[in-house]
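**Q** Handing you a structure now.
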Amino acid sequence: MMRRFAIVLLALLATSAVHAGESAPNEKGYKTPGQAQAAWQKEVDDGRWGGPASPLGQGGALARLKDIATIQGVRENQLVGYGLVIGLNGTGDSLRNAPFTEQSMRAMLDNLGISPPAGTSRAKNIAAVIVTANLPPFAGRGSRIDVTVSSLGDATSLSGGTLVMTPLAGADGQVYAAAQGNMIVSGFTASGEAATVTQGVPTSGRIPNGALVEKEVAGNFGQEGELVVELRQPDFTTVVRITDTINAFAKRRYNQPVAKERDAKSIRLRKPKNMTAARFLAEIEGLPVPTDEVARVVVDERTGTVVIGEKVRISRVAISHGSLSVRVTETPTVVQPEPFSDGVTAVEPNTDIQVQQTSKIGMLGGTDLESLVKGLNQIGVKPQGIIAILQGIKTAGALHAELVVQ
C-alpha cells in the first residue's frame, strides 16, 4: 500500500514539473519586440493560434495591423481659403462679369499701399480662386503641404499663373497655413475661329508643397492611458483576430494583455506603464493579422467591370444565355424602261432581313472562386452578359453574396 502511494506521488510531481516547464515560456518577458515577435510567429507557424480550417473559415489575406486599421483621433483636417492667381496670359476673369475679382484686386493693392480707382482696370490676367488643402496629423509649424487651386469666376485657364499669398483656415475659422507659388495645370485649351479643343480641366491645378503650416492642431495623442484602434472595414471576425493577436504578443512583451474588442470596428488598447504611445504603437502596428471579408460581388454596368470576392458562393444552377441579332441589307435595283417606250428609269427596292439567334445552356456552381470563374468562362459571354447573369442568379436566390451595382 505504501509503495503504491509513493508511485502515485512521484507521478503527480512529475506531471506538475512538466506543466511548470510548459508554462514557463508563456510567462517569460522579452527585452526587445523582435524577440517577442519571433516567439509569437513560431507559435503561429506551429498552429497554436489556429490550425487548418475550412475554406470559409480561414482568413482571406494576411495583412499588417497598420494597413487595415487607424488610430482614433489621428486624422487629417481640411483647410480652405480664397485667393487670387495673377500672371495669366489673357485667360483670367473678365472683371465686368466677375466683380468680386476686381474688389479682391483693389483690396490687395490697398494693402500694398496703392489705391486704384474703381472700374478702371479691364485686364484679364487675374482670376479669383478657391484654395483647398488637407492638413496631415502631427504636422508641425514650418512643414509644407500640397494645395489644390480651382477657379471661381469665368477664367478659361489658370496655366502659367501664380497664386498670391492666401491664408488657409479650418472649420473653426482659425488660420493654420498660408499658400503661395506657381501652379501646375495639366489641362489645356486650344481654339480657333471654327473649333475648340479642351483636354483635362485647365481651370484647376495643384501646387506641390505650396502651403506653409503656421499653426499646429492641438491634440491629446498619448496623454491618455487608452488608445482606440478603428478598422477601415468593420468586421467582427477581424476585430476578434486582431485582439487575440495583440494579446498573444503583449503577454510575451509586457507580461499582460492590452487589447479588448469593443464592437465590429474598434478595439481598445491599454498602454503599458513607462512607455510612450508612439513606441507602443510602433511595436504592435507591424503584427500580421489574418483578415476576413464579406462575400460581395461588385458590378459596374457603365464600364462592364465585374469584381467577385473570394468568399462568394453560388448554388448549382442551369443558365441559358442567348443573343438575338437582326441584320437588314438594302440592295436597290435600277430598272430601265423598254426602248422607244413611255416608261422612265426607276429604282426598285430590295430588302434582305436575316435573323440569327444563338443560345448556350450551361451548368454553373462554385464552391470556390476558381470554379466560379471557370464556369462563367465556359459559357463564353462578355462582361455585360456576366452582369446580367449574376443579377439573374441573385434574383433566383442562388447567389450567396451581396450584389453591389454601381
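Residue numbering restarts at 1 in every chain; chains get A, B, ... in the order shown in the C-alpha cells, and ligands count up from 1 in that same order.
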Find the residues around Asn209 of chain A up to 12 Å (only C-alpha atoms counted), leave out those fewer than 4 positions away in its own chain, and share them as a list in words.
**A** Ala133, Asn134, Leu135, Gly142, Ser143, Arg144, Ile145, Asp146, Val147, Thr148, Ala177, Ala178, Ala179, Gln180, Gly181, Asn182, Met183, Ile184 and Val213 of chain A
**Q** Excluding segment 166-175 of chain A and residues on its chain fewer than 3 positions from it, collect all residues at most 9 Å away from it, counting only C-alpha atoms, and give them as a list in words.
**A** Asn77, Gln78, Leu79, Val80, Gly81, Tyr82, Gly83, Leu84, Val131, Thr132, Ala133, Leu163, Ala178, Ala179, Gln180, Ala211, Glu214 and Lys215 of chain A
**Q** Applying 12 Å and only C-alpha atoms, which residues near segment 273-275 of chain A remain after dropping the ones on its own chain fewer than 6 positions away? List them as number ranges by chain.
**A** A: 222-226, 254-256, 258, 281-283
**Q** Generate the output file for the selected residues, N, CA and C atoms, as a PDB file, in the first residue's frame.
**A**
ATOM      1  N   GLY A 222      -1.496  60.363 -26.884  1.00  0.00           N
ATOM      2  CA  GLY A 222      -0.512  59.904 -25.927  1.00  0.00           C
ATOM      3  C   GLY A 222      -0.706  60.420 -24.526  1.00  0.00           C
ATOM      4  N   GLN A 223      -1.645  61.352 -24.324  1.00  0.00           N
ATOM      5  CA  GLN A 223      -1.855  61.899 -22.992  1.00  0.00           C
ATOM      6  C   GLN A 223      -2.738  61.004 -22.131  1.00  0.00           C
ATOM      7  N   GLU A 224      -3.578  60.209 -22.766  1.00  0.00           N
ATOM      8  CA  GLU A 224      -4.442  59.303 -22.024  1.00  0.00           C
ATOM      9  C   GLU A 224      -3.839  57.900 -22.012  1.00  0.00           C
ATOM     10  N   GLY A 225      -4.282  57.095 -21.079  1.00  0.00           N
ATOM     11  CA  GLY A 225      -3.740  55.749 -20.946  1.00  0.00           C
ATOM     12  C   GLY A 225      -4.313  54.757 -21.926  1.00  0.00           C
ATOM     13  N   GLU A 226      -5.388  55.120 -22.641  1.00  0.00           N
ATOM     14  CA  GLU A 226      -6.018  54.205 -23.569  1.00  0.00           C
ATOM     15  C   GLU A 226      -5.978  54.771 -24.985  1.00  0.00           C
ATOM     16  N   TYR A 254       4.944  42.373 -22.631  1.00  0.00           N
ATOM     17  CA  TYR A 254       4.642  43.184 -21.460  1.00  0.00           C
ATOM     18  C   TYR A 254       4.115  42.367 -20.277  1.00  0.00           C
ATOM     19  N   ASN A 255       4.012  41.043 -20.471  1.00  0.00           N
ATOM     20  CA  ASN A 255       3.520  40.138 -19.420  1.00  0.00           C
ATOM     21  C   ASN A 255       2.066  40.424 -19.034  1.00  0.00           C
ATOM     22  N   GLN A 256       1.288  41.003 -19.955  1.00  0.00           N
ATOM     23  CA  GLN A 256      -0.109  41.276 -19.663  1.00  0.00           C
ATOM     24  C   GLN A 256      -0.844  41.544 -20.971  1.00  0.00           C
ATOM     25  N   VAL A 258      -3.297  43.628 -23.412  1.00  0.00           N
ATOM     26  CA  VAL A 258      -3.506  45.075 -23.513  1.00  0.00           C
ATOM     27  C   VAL A 258      -4.682  45.437 -24.412  1.00  0.00           C
ATOM     28  N   LEU A 281       2.682  51.858 -30.128  1.00  0.00           N
ATOM     29  CA  LEU A 281       2.058  51.596 -31.423  1.00  0.00           C
ATOM     30  C   LEU A 281       3.064  51.087 -32.438  1.00  0.00           C
ATOM     31  N   ALA A 282       4.295  51.561 -32.373  1.00  0.00           N
ATOM     32  CA  ALA A 282       5.316  51.092 -33.308  1.00  0.00           C
ATOM     33  C   ALA A 282       5.607  49.609 -33.130  1.00  0.00           C
ATOM     34  N   GLU A 283       5.438  49.088 -31.913  1.00  0.00           N
ATOM     35  CA  GLU A 283       5.725  47.678 -31.665  1.00  0.00           C
ATOM     36  C   GLU A 283       4.595  46.756 -32.104  1.00  0.00           C
TER      37      GLU A 283
END
**Q** Considering only C-alpha atoms, return as a ChimeraX atom specification whatever protein or nucleic-acid residues lie within 12 Å of Phe221 of chain A, sequence-local ones (same chain, fewer than 6 positions apart) excluded.
**A** /A:71-75,137-138,227-228,271,276-278,281
**Q** Store the residues picked out above, limited to N, CA, C and O atoms, as a compact mmCIF listing (two decimals), in the first residue's frame.
**A**
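As written to disk, part-v1.txt reads:
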# COMPACT_ATOMS: atom_id res chain seq x y z
N ILE A 71 -5.72 54.81 -35.96
CA ILE A 71 -5.86 55.21 -34.56
C ILE A 71 -6.92 56.30 -34.47
O ILE A 71 -6.85 57.30 -35.21
N GLN A 72 -7.87 56.12 -33.60
CA GLN A 72 -8.95 57.10 -33.45
C GLN A 72 -8.38 58.44 -33.00
O GLN A 72 -7.60 58.53 -32.06
N GLY A 73 -8.77 59.49 -33.70
CA GLY A 73 -8.29 60.82 -33.38
C GLY A 73 -7.09 61.26 -34.21
O GLY A 73 -6.81 62.45 -34.28
N VAL A 74 -6.39 60.32 -34.83
CA VAL A 74 -5.25 60.65 -35.69
C VAL A 74 -5.78 60.77 -37.11
O VAL A 74 -5.96 59.77 -37.81
N ARG A 75 -6.07 61.96 -37.55
CA ARG A 75 -6.71 62.17 -38.85
C ARG A 75 -6.26 63.49 -39.45
O ARG A 75 -5.62 64.32 -38.78
N PRO A 137 -2.03 64.76 -39.94
CA PRO A 137 -1.83 64.72 -38.48
C PRO A 137 -0.37 64.92 -38.12
O PRO A 137 0.53 64.54 -38.87
N PHE A 138 -0.13 65.54 -36.99
CA PHE A 138 1.20 65.79 -36.43
C PHE A 138 2.03 66.74 -37.30
O PHE A 138 3.26 66.75 -37.21
N LEU A 227 -5.86 53.87 -25.94
CA LEU A 227 -5.92 54.20 -27.36
C LEU A 227 -6.99 53.33 -28.00
O LEU A 227 -7.26 52.21 -27.54
N VAL A 228 -7.59 53.83 -29.06
CA VAL A 228 -8.65 53.10 -29.76
C VAL A 228 -8.21 52.88 -31.21
O VAL A 228 -7.87 53.84 -31.91
N LYS A 271 -2.29 51.25 -22.78
CA LYS A 271 -0.86 51.47 -22.94
C LYS A 271 -0.11 51.00 -21.70
O LYS A 271 -0.49 51.33 -20.57
N THR A 276 5.92 55.27 -23.98
CA THR A 276 5.20 56.28 -24.74
C THR A 276 4.22 55.62 -25.70
O THR A 276 4.40 54.46 -26.11
N ALA A 277 3.20 56.38 -26.07
CA ALA A 277 2.20 55.85 -27.01
C ALA A 277 2.81 55.59 -28.38
O ALA A 277 2.45 54.61 -29.06
N ALA A 278 3.74 56.43 -28.81
CA ALA A 278 4.36 56.23 -30.12
C ALA A 278 5.17 54.92 -30.16
O ALA A 278 5.09 54.16 -31.13
N LEU A 281 2.68 51.86 -30.13
CA LEU A 281 2.06 51.60 -31.42
C LEU A 281 3.06 51.09 -32.44
O LEU A 281 2.73 50.26 -33.30
**Q** Within 6 Å of segment 155-157 of chain A, counting only C-alpha atoms, which residues qualify if same-chain residues fewer than 2 places away don't, as a list in words?
**A** Thr91, Gly92, Asp93, Gly153, Ser159, Pro202 and Thr203 of chain A
**Q** Go ahead and compute the interatomic distance for atom CA of Leu158 of chain A and atom CA of Ala195 of chain A, in Å to one decimal.
**A** 20.7 Å
**Q** Using backbone DSSP assignments, extract all alpha helix (DSSP H) residues from segment 65-235 of chain A; output them as a list in words.
**A**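 Here are the alpha helix (DSSP H) residues of segment 65-235 of chain A: Leu65, Lys66, Asp67, Ile68, Pro99, Phe100, Thr101, Glu102, Gln103, Ser104, Met105, Arg106, Ala107, Met108, Leu109, Asp110 and Asn111 of chain A.
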**Q** Using atom CA of Thr345 of chain A and atom CA of Thr331 of chain A as the two end points, give the distance in Å to one decimal.
**A**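 Between atom CA of Thr345 of chain A and atom CA of Thr331 of chain A the gap is 16.7 Å.
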**Q** Find the residues near segment 403-406 of chain A: any atom within 9 Å, counting only C-alpha atoms, skip ones fewer than 2 places away on the same chain, and give them as a PyMOL selection string.
**A** chain A and resi 295-302+390-391+394+399+401
**Q** For the residues in the current selection, export N, CA and C atoms as a CSV table (one decimal), in the first residue's frame.
**A**
chain,number,residue,atom,x,y,z
A,295,ALA,N,-18.7,38.2,-48.3
A,295,ALA,CA,-18.9,37.8,-49.6
A,295,ALA,C,-19.7,38.9,-50.4
A,296,ARG,N,-19.0,39.4,-51.4
A,296,ARG,CA,-19.6,40.6,-52.2
A,296,ARG,C,-19.2,40.5,-53.6
A,297,VAL,N,-20.2,40.8,-54.5
A,297,VAL,CA,-19.9,41.0,-55.9
A,297,VAL,C,-20.2,42.4,-56.3
A,298,VAL,N,-19.3,43.1,-57.0
A,298,VAL,CA,-19.4,44.5,-57.4
A,298,VAL,C,-19.4,44.5,-58.9
A,299,VAL,N,-20.4,45.1,-59.5
A,299,VAL,CA,-20.5,45.2,-60.9
A,299,VAL,C,-20.7,46.7,-61.3
A,300,ASP,N,-20.1,47.1,-62.4
A,300,ASP,CA,-20.2,48.4,-62.9
A,300,ASP,C,-20.8,48.3,-64.3
A,301,GLU,N,-22.1,48.6,-64.5
A,301,GLU,CA,-22.7,48.4,-65.8
A,301,GLU,C,-22.2,49.4,-66.8
A,302,ARG,N,-21.7,50.5,-66.4
A,302,ARG,CA,-21.2,51.5,-67.4
A,302,ARG,C,-19.9,51.1,-68.1
A,390,LEU,N,-25.3,37.4,-63.3
A,390,LEU,CA,-25.2,37.5,-61.9
A,390,LEU,C,-26.5,38.1,-61.3
A,391,GLN,N,-27.0,39.1,-61.9
A,391,GLN,CA,-28.3,39.7,-61.4
A,391,GLN,C,-29.4,38.7,-61.4
A,394,LYS,N,-28.9,36.2,-58.6
A,394,LYS,CA,-29.3,36.8,-57.3
A,394,LYS,C,-30.8,36.8,-57.1
A,399,LEU,N,-27.3,33.1,-55.5
A,399,LEU,CA,-26.0,33.8,-55.3
A,399,LEU,C,-26.0,34.2,-53.8
A,401,ALA,N,-24.2,36.0,-51.7
A,401,ALA,CA,-23.3,37.1,-51.5
A,401,ALA,C,-24.1,38.4,-51.7
**Q** Just want the 10 Å neighbourhood of Glu293 of chain A, counted on only C-alpha atoms, with same-chain residues fewer than 5 positions away dropped. Output as an NGL selection string.
**A** :A and (59-61 or 233-238 or 309-311)
**Q** Between atom CA of Ile314 of chain A and atom CA of Leu372 of chain A, what is the distance in Å, rounded to a tenth?
**A**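 Atom-to-atom, atom CA of Ile314 of chain A and atom CA of Leu372 of chain A are spaced 7.6 Å apart.
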